[in-house]
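See below for the structure under consideration.
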Amino acid sequence: MNRVLKILFFGVLVKPLVLVVLGLHIVNRRALPLLGPAVIAANHNSHLDTLVLMSLFPLSRIHQVRPVAAADYFLKNPLLAWFSLNIIGIIPLQRKHCRNIEKLFKQCHQALDDKDILIIFPEGTRGKPGQMGSIKKGLFYLLKDRRDTEIIPVVMRGLGQALPRGEALFVPFNCDVIIGNQLRLPDDSKEFPRNLAEVYKELSRHCLTRAGMEEDEEVEETE
Amino acid sequence: MFGIPQNSFYFMLTVISLLLIATAVRLILRSRNSAKDDTELRQRIHSWWVIIGLLFFVLISGETFSIVFFAFLSFLALKEFLSIVPTRYADRRVILWAYLSIPVQYYWVSMPWYGMFIIFIPVYIFLLLPMRMALIGETKGFIRSAGIIHWAVMLTVFSCSHIAYLLKLPLKNADAGCIGLVLFLLFMTECNDISQYIWGKTFGKHKIIPKISPNKTLEGFLGGLVTVTCCAGLLAPLLTPMHIWHGFLAGVIISFSGFLGDIVISSVKRDLQIKDSGSLIPGHGGILDRMDSLFYTTPLFFHYIYYLYY
């Protein structure tokens with residue numbers, strides 16, 4: 001039943017809206033895995049990030065695409081919780097006050113065992129519009145004992161201008177979705193954020209979108 | 001035929017035959033030299049089939065549907081433009097107003113209310129958008145944003161809406177119908193793009209503007225000019241109210257302005273250091289890449305015939 005609702009939600013609503021109202025510039029779409037276990041590690045600026053990433057998958061696969069999302073935010077009120085858990089199919093993650101790492105990742109491991117594709121935002125939050133936050137090590141600890149899992153880095157740009165954090169008004173913009181090739185997990189947890197940040201920087205060279213990026217930021221970027 | 005005026009119908013058939021020839025030529029070239037990668041040419045021709053198919057379908061479906069279609073094209077072009085240029089976070093609400101000008105502008109077209117259509121964006125939107133920006137109150141980068149947003153609306157909404165207004169001009173050539181003018185303008189503009197490219201590839205030596213577009217040559221430009229002028233003169237009496245001499249001049253205007261539109265959008269892309277403005281149309285790039293010359297040819301052609309015949 002939930003699977004039907006999810007397919008309907010994405011097929012009837014999300015996919016057409018993403019196509020017409022947003023418009024995507026996708027690079028290297030072939031690198032997107034259709035079968036798990038895999039992790040999509042994307043940068044995060046907007047709630048739309050999750051929907052856009054999920055819309056890239058065929059409807060027949062979409063029930064196996066599971067965003068990992070903050071429990072403190074998405075399970076806050078019952079309506080949002082029902083929608084997030086049943087229609088989007090999120091894996092809720094306790095961001096705060098959790099010392100037991102095994103318990104924290106239990107559902108993620110379960111999903112990866114089921115050959116699901118997880119969507120994870122390694123910055124852990126949406127941050128300021130148009131800016132890359134610091135990358136956390138959570139993803140490293142999740143995958144360090146399951147090195148067979150594919151990690152696909154993805155950079156998105158433009159969605160932070162279409163629907164930034166703390167705004168309810170949506171404004172149409174074209175968005176970049178730059179998909180990278182499989183990332184190798186380093187041996188040391190300290191290297192992980194640095195490696196991923198470098199990959200993100202490399203991928204953002206393919207971006208066309210400048211919406212939401214003021215000139216001086218841009219100058220900094222090219223130097 | 002099928003409710004389409006006779007001349008326009010035969011013209012559409014001609015365009016489809018030209019596309020068939022292009023497809024056949026590509027297939028023959030490939031069978032002779034199968035090692036060469038022809039992905040881009042294949043994508044280009046395939047996209048042409050889709051564009052032409054969609055356009056003809058829309059034009060046949062009637063006036064209202066066509067106006068909605070051109071409004072949607074304006075939306076796609078404006079969205080693409082405002083996404084590739086740097087805008088500020090504070091501009092989001094202003095940009096929403098810019099989008100809202102599209103349905104209003106095309107509503108004037110559908111009425112048709114020429115007086116309002118011709119001043120709405122150059123006067124009212126021109127004054128309104130900076131006012132909205134001032135009310136938001138972010139002054140850093142104000143001048144640049146005001147310039148960018150209004151320029152984008154002028155190109156993608158004001159210019160583009162002239163195509164739709166061609167459909168609303170009084171009928172003067174019953175054999176071509178209202179769609180004759182649209183077909184004439186679109187075909188001549190694209191014919192100019194393609195023939196400049198082919199002449200340039202074959203005989204090109206002297207670069208015109210190497211700083212902006214290293215592939216543009218004097219030979220290509222002149223070849224396109226002659227080709228389009230001849231075609232325009234011959235087709236004008238069939239598709240438009242113009243007689244042959246006015247048709248020749250229309251060809252000259254379209255060829256010149258098409259070239260200008262092309263280099264203006266090329267300069268924008270060069271400034272932003274991107275090659276294509278998007279990837280909506282495989283083999284062509286983004287919608288701005290395809291419509292660049294139209295932004296210039298459309299209003300100039302419109303006002304040329306409007307002055308002479310309406």
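Convention: chains lettered A, B, ... in structure tokens order; per-chain residue numbering from 1; ligands numbered from 1 as shown.
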6 Å contact set for segment 283-294 of chain B, only C-alpha atoms, chain neighbours under 2 positions out, as a PyMOL selection string: chain B and resi 40+43-44+77+258+261-262+265+276-281+296-298
Return as a count of residues only the residues belonging to chain B that are within 12 Å of chain A, counting only C-alpha atoms. 50
May I have the residues within 9 Å of segment 43-52 of chain A as a ChimeraX atom specification, using only C-alpha atoms and disregarding those fewer than 5 positions away in the same chain? /A:10,14-15,18,24,67,88,119-133,135,153-165,177,200
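Here atom CA of Leu225 of chain B is placed at a distance of 6.4 Å from atom CA of Val252 of chain B.
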Have a look at atom CA of Ala134 of chain B and atom CA of Ile102 of chain B and let me know their distance in Å, one decimal.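 We find that atom CA of Ala134 of chain B and atom CA of Ile102 of chain B lie 21.8 Å from each other.
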Neighbours of segment 17-28 of chain B within 10 Å (only C-alpha atoms; same-chain residues fewer than 6 positions away dropped), as an MDAnalysis selection string? chainID B and resid 11 34 38 41:42 45:46 48:49 52
Keeping C-alpha atoms for every residue in the selection just given, could you write it to a file as an mmCIF file, in the first residue's frame?
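New file out28.cif:
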```
data_model
loop_
_atom_site.group_PDB
_atom_site.id
_atom_site.type_symbol
_atom_site.label_atom_id
_atom_site.label_comp_id
_atom_site.auth_asym_id
_atom_site.auth_seq_id
_atom_site.Cartn_x
_atom_site.Cartn_y
_atom_site.Cartn_z
ATOM 1 C CA PHE B 11 5.303 24.653 -46.279
ATOM 2 C CA SER B 34 31.005 3.980 -39.471
ATOM 3 C CA ASP B 38 28.236 11.103 -35.006
ATOM 4 C CA LEU B 41 24.738 15.206 -35.253
ATOM 5 C CA ARG B 42 22.350 12.370 -34.461
ATOM 6 C CA ILE B 45 18.657 15.965 -35.914
ATOM 7 C CA HIS B 46 16.636 13.948 -33.448
ATOM 8 C CA TRP B 48 14.959 18.919 -34.561
ATOM 9 C CA TRP B 49 12.311 16.242 -35.164
ATOM 10 C CA ILE B 52 9.404 20.681 -35.344
#
```
12 Å contact set for segment 7-9 of chain A, only C-alpha atoms, chain neighbours under 6 positions out, as a PDB file with C-alpha atoms, in the first residue's frame:
```
ATOM      1  CA  MET A   1       0.000   0.000   0.000  1.00  0.00           C
ATOM      2  CA  LYS A  15       8.565  13.874 -11.238  1.00  0.00           C
ATOM      3  CA  PRO A  16       6.393  16.179 -13.392  1.00  0.00           C
ATOM      4  CA  LEU A  17       7.012  19.138 -11.075  1.00  0.00           C
ATOM      5  CA  LEU A  51      12.825  14.914  -3.624  1.00  0.00           C
ATOM      6  CA  MET A  54      14.619  10.478  -5.510  1.00  0.00           C
ATOM      7  CA  SER A  55      12.987  11.692  -8.725  1.00  0.00           C
ATOM      8  CA  PHE A  57      15.251   6.899  -9.948  1.00  0.00           C
ATOM      9  CA  PRO A  58      12.765   4.916 -12.030  1.00  0.00           C
ATOM     10  CA  LEU A  59       9.407   4.405 -10.323  1.00  0.00           C
ATOM     11  CA  SER A  60      10.009   0.670 -10.236  1.00  0.00           C
ATOM     12  CA  ARG A  61      13.039   1.198  -7.996  1.00  0.00           C
ATOM     13  CA  ILE A  62      11.843   4.077  -5.892  1.00  0.00           C
ATOM     14  CA  HIS A  63      10.608   1.981  -2.947  1.00  0.00           C
ATOM     15  CA  GLN A  64      14.230   0.972  -2.341  1.00  0.00           C
ATOM     16  CA  VAL A  65      15.517   4.538  -2.203  1.00  0.00           C
ATOM     17  CA  PHE A  83       4.292  11.464   5.530  1.00  0.00           C
ATOM     18  CA  ASN A  86       5.265   6.157   4.797  1.00  0.00           C
ATOM     19  CA  ILE A  87       5.349   8.223   1.614  1.00  0.00           C
ATOM     20  CA  ILE A  88       9.007   9.240   1.447  1.00  0.00           C
ATOM     21  CA  GLY A  89      10.208   6.205   3.382  1.00  0.00           C
TER      22      GLY A  89
END
```
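Here atom CA of Phe69 of chain B is placed at a distance of 15.8 Å from atom CA of Cys178 of chain B.
The residue set within 9 Å of Gly36 of chain A, counting only C-alpha atoms and dropping same-chain residues fewer than 2 places from it, reads A:Pro33, A:Leu34, A:Ala38, A:Val39, A:Gln64, A:Val65, A:Leu112, A:Asp113, A:Asp114, A:Lys115, A:Asp116, A:Ile117, A:Leu118, A:Thr149, A:Glu150.
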Distance criterion (only C-alpha atoms): nearest to Ile60 of chain B out of B:Ser47, B:Pro170, B:Gly177, B:Met116: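 Residue with the minimum atom-to-atom distance to Ile60 of chain B: B:Gly177.
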